[in-house]
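A.B. asks: Before we start, here is the structure in question, set down as structure tokens.
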Amino acid sequence: MLPFDEILTRYVGEFGWYQRWVMFLMCFAEIPVGFHMLSAVFLASSPGHHCTVPGLQTVEQCRPVGDALDMSIPWTENEEGHRTYSRCARYNLPDGSFNMSYADFWQNHTPENLSAGGTISCDRGWEYDCTTFTSTIVTEWDLVCSSNWLKQLTTALYMVGVLFGAVVFGDMADRFGRRPAYLLCLLVQLVFGVATTFSPNLVLFVIFRFFVGAATSGVIIVSAVMAAEFVGPSERVKVGVLRPEFYAVGGMIMAGIAYGIRDWRLLQLAISLPNLLYIPYYWWCPESPRWLLSRDKAKAKEIILSMAKTNGVILPSHVLEEELGEDPVTKHVTGQEETPRNYTILDLLRTPNMRIRTLIIFCIWFINSCVFYGVSLNITDLSGNAHVNFLISCAVEVPAYASLLFLQERFGRKVPVLVYELLTGVGLIITAALPAGSVRVTLAMISKFCITGGAQGVMIYTVELFPTVTRNIGMGSSSMSARIGATISPFLWLLADVWRPAPFLLFGVMTIVAGLLCMLLPETKGEQLPQTLEDGEEFGKGSVRRTWTKTLRLLRLRKTTVA
């Protein structure tokens, strides 16, 4: 039987109607992924708040009452006269102190004696500004002040779920097939997404979100692999770019949904129910023939014939015939069917070439995810409507993804990633030197554009580097490295307490290192994907040595060989 890439390029077609149908299925299911991955921006938003003051109305029509806050909440004033009120303390005044008019109150008190009387914590709860959000998990369970860390914990454990899903569903897809793993992810995303809506307490909210994160990660990893495995070599970049475009579209749709629904429970339900649309996938979604070729060639042939029929192609009989002397079922003298081997992450590390390549990929994914979330979650200088700002931050990803269609086809897989990583690094280092303001925000958004292109370029690249039998394990493990980076990213911002530019400088250096590491990997543009571990070990062998040799020659540091 001919290699699958050769069957696609010479006979079936690299991106025919059958592949377009599969691509539509993958892209359409990517929209809710954008919902769930970004929903914490609205579900866990922390609106303005202050202590509840007994006997005093401090909020009217969802807005704080300034005169009432002056009487009860400590405040500071800047040079422009703008007052900032404490969120976690109130003046220590006896009950009944506010049974009088504002004028009478200030006849008996001054700001000085109010401060002298001391403050107490918010022992009666909090009042929240509900002009933007009528309800979030922060306002429902008071995740503020001393409990603020619980809000961070919900996001951290969601990311742990994403990490868990990358490993579990990636391994499941390699062991049992792409299709069953993908369908299970969509089901879990629906069930636990809806369950999150009815969480009676924070503990169950965190547990349900953990499984939503795991399923969402599985959808991303498995669909990325399936999309690449159905098409020919010249179309891999196209499908690698189109799928995440719908992730960004999901984020932009999310901005509109969140603008219309300001209650977190209704919002969570609204972004979970669309998964009902994927029930027909049970009948529509095919198994990857490339995976089947390593497990069940008979079923693989059925799908290849179906692909040819849909694409309007009649396959010659010899295309699917077994080679002379090859038994498609039996490999042993006993004549018994060979049990398919189950692969693990250790198989990626057993041989030297695969080991070096795998560790480099893990490092690049770790850095990209750490920097991406570090930049995305800390563009706090943007002014204006929160929903509009969120829309812009998602929209900037669309041209970043689209640019790869040209760049990675024209210049190969490595060079565009290197350029994007270097531009991100330089942009973040300059950002670190700028004062707060619109210029700094603009440069940070440009950096996000670049890190988006770099991160997605590496994902396209990674799919082509791992052999078929361990591709999902490789992608899942790479995603695990990325999730670790995303989890520790918020903690790196603690460096700003020591020196404000430190996080941006650190992220800038990290992305430059990631780009340089990418140059040590072999080019995959137009190459036939490796199928077995042996193919993977031989693929690009010596690329590290050749890269260093070229670099040394370029820098004229290589010693001249004496004849």
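Following the order of the structure tokens, chains are lettered A, B, ..., residues in each are numbered from 1, and ligands are numbered from 1.
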Would you mind listing what lies within 9 Å of Phe211 in chain A as a list in words, with only C-alpha atoms counted and same-chain residues fewer than 6 positions away left out?

C.D. replies: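 My list of contacting residues is Tyr158, Gly161, Val162, Phe164, Gly165, Val188, Gln189, Phe192 and Gly193 of chain A.
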
A.B. asks: Atoms to include: N, CA and C atoms. Write the selected residues as a short mmCIF file (atom, residue, chain, number, x, y, z; two decimals), in the first residue's frame.

C.D. replies:
```
data_model
loop_
_atom_site.label_atom_id
_atom_site.label_comp_id
_atom_site.auth_asym_id
_atom_site.auth_seq_id
_atom_site.Cartn_x
_atom_site.Cartn_y
_atom_site.Cartn_z
N TYR A 158 -8.47 25.66 36.86
CA TYR A 158 -8.96 25.47 35.50
C TYR A 158 -7.79 25.13 34.58
N GLY A 161 -6.77 21.70 34.98
CA GLY A 161 -7.68 20.85 34.22
C GLY A 161 -7.28 20.79 32.75
N VAL A 162 -6.89 21.93 32.20
CA VAL A 162 -6.43 21.97 30.81
C VAL A 162 -5.20 21.09 30.64
N PHE A 164 -4.38 18.53 32.56
CA PHE A 164 -4.85 17.15 32.74
C PHE A 164 -5.46 16.62 31.44
N GLY A 165 -6.30 17.43 30.82
CA GLY A 165 -6.95 17.01 29.58
C GLY A 165 -5.98 16.80 28.44
N VAL A 188 -18.14 15.82 27.40
CA VAL A 188 -17.73 16.30 28.73
C VAL A 188 -17.84 17.82 28.80
N GLN A 189 -17.47 18.49 27.72
CA GLN A 189 -17.58 19.95 27.67
C GLN A 189 -19.03 20.39 27.87
N PHE A 192 -20.38 19.16 31.80
CA PHE A 192 -19.82 19.90 32.92
C PHE A 192 -19.94 21.41 32.72
N GLY A 193 -20.07 21.86 31.48
CA GLY A 193 -20.35 23.28 31.25
C GLY A 193 -21.70 23.67 31.80
#
```

A.B. asks: Could you tell me which of A:Ile279, A:Leu346, A:Ala258, A:Ala116 comes closest to Pro74 in chain A if we count only C-alpha atoms?

C.D. replies: A:Ala116

A.B. asks: Would you mind listing what lies within 10 Å of Pro352 in chain A as a list in words, with only C-alpha atoms counted and same-chain residues fewer than 5 positions away left out?

C.D. replies: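 What passes the distance filter is Arg357, Thr358, Glu537 and Lys541 of chain A.
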
A.B. asks: Deliver the residues from the most recent selection as a file, using N, CA and C atoms, as a PDB file, in the first residue's frame.

C.D. replies:
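Done, and the output landed in again-v3.pdb:
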```
ATOM      1  N   ARG A 357      14.766  16.692  20.151  1.00  0.00           N
ATOM      2  CA  ARG A 357      13.677  17.407  19.491  1.00  0.00           C
ATOM      3  C   ARG A 357      12.498  17.604  20.437  1.00  0.00           C
ATOM      4  N   THR A 358      12.141  16.553  21.181  1.00  0.00           N
ATOM      5  CA  THR A 358      10.997  16.631  22.092  1.00  0.00           C
ATOM      6  C   THR A 358      11.234  17.648  23.198  1.00  0.00           C
ATOM      7  N   GLU A 537      12.874   9.091  14.384  1.00  0.00           N
ATOM      8  CA  GLU A 537      14.281   9.177  14.779  1.00  0.00           C
ATOM      9  C   GLU A 537      15.153   9.584  13.601  1.00  0.00           C
ATOM     10  N   LYS A 541      17.630  14.071  11.162  1.00  0.00           N
ATOM     11  CA  LYS A 541      18.817  13.708  11.960  1.00  0.00           C
ATOM     12  C   LYS A 541      19.996  14.580  11.557  1.00  0.00           C
TER      13      LYS A 541
END
```

A.B. asks: Taking into account only C-alpha atoms, which residue in the set A:Gly240, A:Pro3, A:Gly251, A:Gly476 is nearest to Val41 in chain A?

C.D. replies: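 With only C-alpha atoms as the atom set, the closest residue is A:Gly251.
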
A.B. asks: Could you list, as a list in words, every residue within 12 Å of Ser121 in chain A, counting only C-alpha atoms and ignoring same-chain residues fewer than 5 positions away?

C.D. replies: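 Within the cut-off, the hits are His50, Cys51, Thr52, Val53, Ile73, Pro74, Ser86, Arg87, Cys88, Ala89, Arg90, Tyr91, Asn92, Trp126, Val144, Cys145 and Ser146 of chain A.
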
A.B. asks: Export, as a CSV table (one decimal), in the first residue's frame, the selected residues with all heavy atoms.

C.D. replies:
```csv
chain,number,residue,atom,x,y,z
A,50,HIS,N,-16.9,48.0,48.2
A,50,HIS,CA,-16.5,48.6,49.5
A,50,HIS,C,-17.3,47.9,50.6
A,50,HIS,O,-18.2,47.1,50.3
A,50,HIS,CB,-16.7,50.1,49.5
A,50,HIS,CG,-18.1,50.5,49.2
A,50,HIS,ND1,-18.6,50.7,47.9
A,50,HIS,CD2,-19.2,50.6,50.0
A,50,HIS,CE1,-19.9,51.0,47.9
A,50,HIS,NE2,-20.3,50.9,49.2
A,51,CYS,N,-16.9,48.2,51.8
A,51,CYS,CA,-17.6,47.5,52.9
A,51,CYS,C,-19.1,47.9,53.0
A,51,CYS,O,-19.4,49.1,52.7
A,51,CYS,CB,-16.9,47.9,54.2
A,51,CYS,SG,-15.2,47.3,54.4
A,52,THR,N,-19.9,47.0,53.4
A,52,THR,CA,-21.3,47.3,53.8
A,52,THR,C,-21.2,48.0,55.1
A,52,THR,O,-20.6,47.6,56.0
A,52,THR,CB,-22.1,46.0,53.9
A,52,THR,OG1,-22.2,45.4,52.6
A,52,THR,CG2,-23.5,46.3,54.4
A,53,VAL,N,-21.9,49.2,55.2
A,53,VAL,CA,-21.9,50.0,56.4
A,53,VAL,C,-23.3,49.9,57.0
A,53,VAL,O,-24.3,50.3,56.4
A,53,VAL,CB,-21.6,51.4,56.1
A,53,VAL,CG1,-21.5,52.3,57.4
A,53,VAL,CG2,-20.2,51.5,55.4
A,73,ILE,N,-16.0,55.3,54.6
A,73,ILE,CA,-14.9,54.5,54.0
A,73,ILE,C,-13.6,55.4,53.9
A,73,ILE,O,-13.7,56.5,53.4
A,73,ILE,CB,-15.3,54.0,52.6
A,73,ILE,CG1,-16.6,53.2,52.7
A,73,ILE,CG2,-14.2,53.1,52.1
A,73,ILE,CD1,-16.6,52.0,53.5
A,74,PRO,N,-12.5,54.8,54.4
A,74,PRO,CA,-11.2,55.6,54.2
A,74,PRO,C,-10.9,55.8,52.8
A,74,PRO,O,-11.2,55.0,51.9
A,74,PRO,CB,-10.2,54.6,54.9
A,74,PRO,CG,-11.0,53.7,55.8
A,74,PRO,CD,-12.3,53.6,55.1
A,86,SER,N,-11.1,52.8,50.1
A,86,SER,CA,-10.7,51.5,50.5
A,86,SER,C,-11.7,50.4,50.1
A,86,SER,O,-12.9,50.6,50.3
A,86,SER,CB,-10.4,51.5,52.0
A,86,SER,OG,-10.1,50.2,52.5
A,87,ARG,N,-11.2,49.2,49.7
A,87,ARG,CA,-12.1,48.1,49.4
A,87,ARG,C,-12.3,47.1,50.5
A,87,ARG,O,-13.2,46.3,50.4
A,87,ARG,CB,-11.6,47.4,48.1
A,87,ARG,CG,-11.5,48.3,46.9
A,87,ARG,CD,-11.2,47.4,45.7
A,87,ARG,NE,-11.4,48.2,44.4
A,87,ARG,CZ,-11.5,47.6,43.2
A,87,ARG,NH1,-11.3,46.3,43.1
A,87,ARG,NH2,-11.7,48.3,42.1
A,88,CYS,N,-11.4,47.2,51.5
A,88,CYS,CA,-11.4,46.2,52.5
A,88,CYS,C,-11.5,46.7,54.0
A,88,CYS,O,-11.3,46.0,54.9
A,88,CYS,CB,-10.1,45.4,52.4
A,88,CYS,SG,-10.0,44.6,50.8
A,89,ALA,N,-11.8,48.0,54.1
A,89,ALA,CA,-11.9,48.5,55.5
A,89,ALA,C,-13.0,49.6,55.5
A,89,ALA,O,-13.3,50.2,54.5
A,89,ALA,CB,-10.6,49.1,56.0
A,90,ARG,N,-13.5,49.9,56.7
A,90,ARG,CA,-14.4,51.0,57.0
A,90,ARG,C,-14.1,51.7,58.3
A,90,ARG,O,-13.4,51.1,59.1
A,90,ARG,CB,-15.9,50.5,56.9
A,90,ARG,CG,-16.3,49.6,58.1
A,90,ARG,CD,-17.7,49.1,57.9
A,90,ARG,NE,-18.1,48.2,58.9
A,90,ARG,CZ,-18.7,48.5,60.1
A,90,ARG,NH1,-18.9,49.7,60.4
A,90,ARG,NH2,-19.1,47.5,60.9
A,91,TYR,N,-14.6,52.9,58.5
A,91,TYR,CA,-14.3,53.6,59.7
A,91,TYR,C,-15.0,52.8,60.9
A,91,TYR,O,-16.1,52.3,60.8
A,91,TYR,CB,-14.8,55.0,59.7
A,91,TYR,CG,-14.0,55.9,58.8
A,91,TYR,CD1,-14.6,56.7,57.8
A,91,TYR,CD2,-12.6,56.0,58.9
A,91,TYR,CE1,-13.9,57.5,57.0
A,91,TYR,CE2,-11.8,56.8,58.1
A,91,TYR,CZ,-12.5,57.6,57.1
A,91,TYR,OH,-11.7,58.4,56.3
A,92,ASN,N,-14.3,52.9,62.0
A,92,ASN,CA,-14.8,52.2,63.2
A,92,ASN,C,-15.7,53.2,64.0
A,92,ASN,O,-15.3,53.9,64.9
A,92,ASN,CB,-13.6,51.8,64.1
A,92,ASN,CG,-14.1,50.9,65.3
A,92,ASN,OD1,-15.3,50.5,65.4
A,92,ASN,ND2,-13.2,50.7,66.3
A,126,TRP,N,-19.9,43.1,51.7
A,126,TRP,CA,-19.5,44.1,50.8
A,126,TRP,C,-20.6,44.6,49.9
A,126,TRP,O,-21.6,43.9,49.7
A,126,TRP,CB,-18.4,43.6,49.9
A,126,TRP,CG,-17.1,43.4,50.5
A,126,TRP,CD1,-16.0,44.3,50.5
A,126,TRP,CD2,-16.6,42.3,51.3
A,126,TRP,NE1,-14.9,43.8,51.2
A,126,TRP,CE2,-15.3,42.5,51.7
A,126,TRP,CE3,-17.3,41.1,51.7
A,126,TRP,CZ2,-14.6,41.6,52.5
A,126,TRP,CZ3,-16.5,40.2,52.4
A,126,TRP,CH2,-15.2,40.5,52.9
A,144,VAL,N,-13.1,38.6,47.6
A,144,VAL,CA,-12.4,39.8,47.7
A,144,VAL,C,-11.6,39.9,49.0
A,144,VAL,O,-11.8,39.1,49.9
A,144,VAL,CB,-13.3,41.0,47.5
A,144,VAL,CG1,-13.9,41.1,46.2
A,144,VAL,CG2,-14.4,41.0,48.6
A,145,CYS,N,-10.7,40.9,49.0
A,145,CYS,CA,-9.9,41.2,50.2
A,145,CYS,C,-9.1,39.9,50.7
A,145,CYS,O,-8.4,39.3,49.9
A,145,CYS,CB,-10.7,41.8,51.3
A,145,CYS,SG,-11.5,43.3,50.8
A,146,SER,N,-9.4,39.4,51.9
A,146,SER,CA,-8.6,38.3,52.4
A,146,SER,C,-9.0,37.0,51.6
A,146,SER,O,-8.2,36.0,51.6
A,146,SER,CB,-8.9,38.0,53.8
A,146,SER,OG,-10.3,37.8,54.1
```

A.B. asks: Using CA of Val419 in chain A and CA of Gly454 in chain A as the two end points, give the distance in Å to one decimal.

C.D. replies: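 According to the coordinates, CA of Val419 in chain A and CA of Gly454 in chain A are separated by 8.1 Å.
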
A.B. asks: Can you pull out the residues contacting Val388 in chain A? Cut-off 12 Å, using only C-alpha atoms, and skip same-chain residues under 2 positions away; I want them as a list in words.

C.D. replies: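 Residues near the query, excluding close chain neighbours: Gly251, Met252, Ile253, Met254, Ala255, Gly256, Ala258, Tyr259, Leu382, Ser383, Gly384, Asn385, Ala386, Phe390, Leu391, Ile392, Ser393, Cys394 and Ala395 of chain A.
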
A.B. asks: So which residues touch Ala455 in chain A within 8 Å, counting only C-alpha atoms, skipping near sequence neighbours fewer than 6 positions away, as a VMD selection string?

C.D. replies: chain A and resid 365 368 to 369 417

A.B. asks: Excluding Phe169 in chain A and any residue of its chain fewer than 4 positions from it, enumerate the residues within 8 Å of it, using only C-alpha atoms, and give them as an MDAnalysis selection string.

C.D. replies: chainID A and resid 165 173 181 185 218 222 476

A.B. asks: Just the helix (DSSP H, G or I) stuff from range 468-534 of chain A, please, per backbone DSSP, written as a PyMOL selection string.

C.D. replies: chain A and resi 468-497+502-518+533-534

A.B. asks: Between A:Val191, A:Ala215, A:Thr134, A:Pro316, which one has atoms that come closest to Gly260 in chain A, using only C-alpha atoms?

C.D. replies: A:Thr134

A.B. asks: Could you please determine the separation between CA of Gly526 in chain A and CA of Gly170 in chain A in Å, to one decimal place?

C.D. replies: 25.2 Å

A.B. asks: Enumerate as a list in words all residues of range 51-141 of chain A assigned to strand (DSSP E or B) by DSSP on the backbone, naming them with the chain letters and numbers the document uses.

C.D. replies: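 DSSP on the backbone gives strand (DSSP E or B) at Cys51, Val59, Glu60, Arg63, Pro64, Trp75, Thr76, Glu77, Arg83, Thr84, Tyr85, Ala89, Arg90, Tyr91, Thr119, Ile120, Ser121, Trp126, Glu127, Tyr128 and Ser135 of chain A.
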
A.B. asks: Smallest atom-to-atom distance to Leu143 in chain A: which of A:Arg350, A:Val59, A:Lys238, A:Pro47, using only C-alpha atoms?

C.D. replies: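 Once distances to Leu143 in chain A are computed over only C-alpha atoms, the minimum belongs to A:Pro47.
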
A.B. asks: Name the closest residue to Leu277 in chain A among the candidates A:Ala496, A:Pro32, A:Phe4, A:Gly125; distances are taken between atoms, counting only C-alpha atoms.

C.D. replies: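 Using only C-alpha atoms, Leu277 in chain A sits closest to A:Pro32.
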
A.B. asks: Between A:Val249, A:Ile430, A:Val441, A:Ile460, which has the minimum distance to Val509 in chain A (counting only C-alpha atoms)?

C.D. replies: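 For Val509 in chain A, the nearest of the given residues is A:Ile430.
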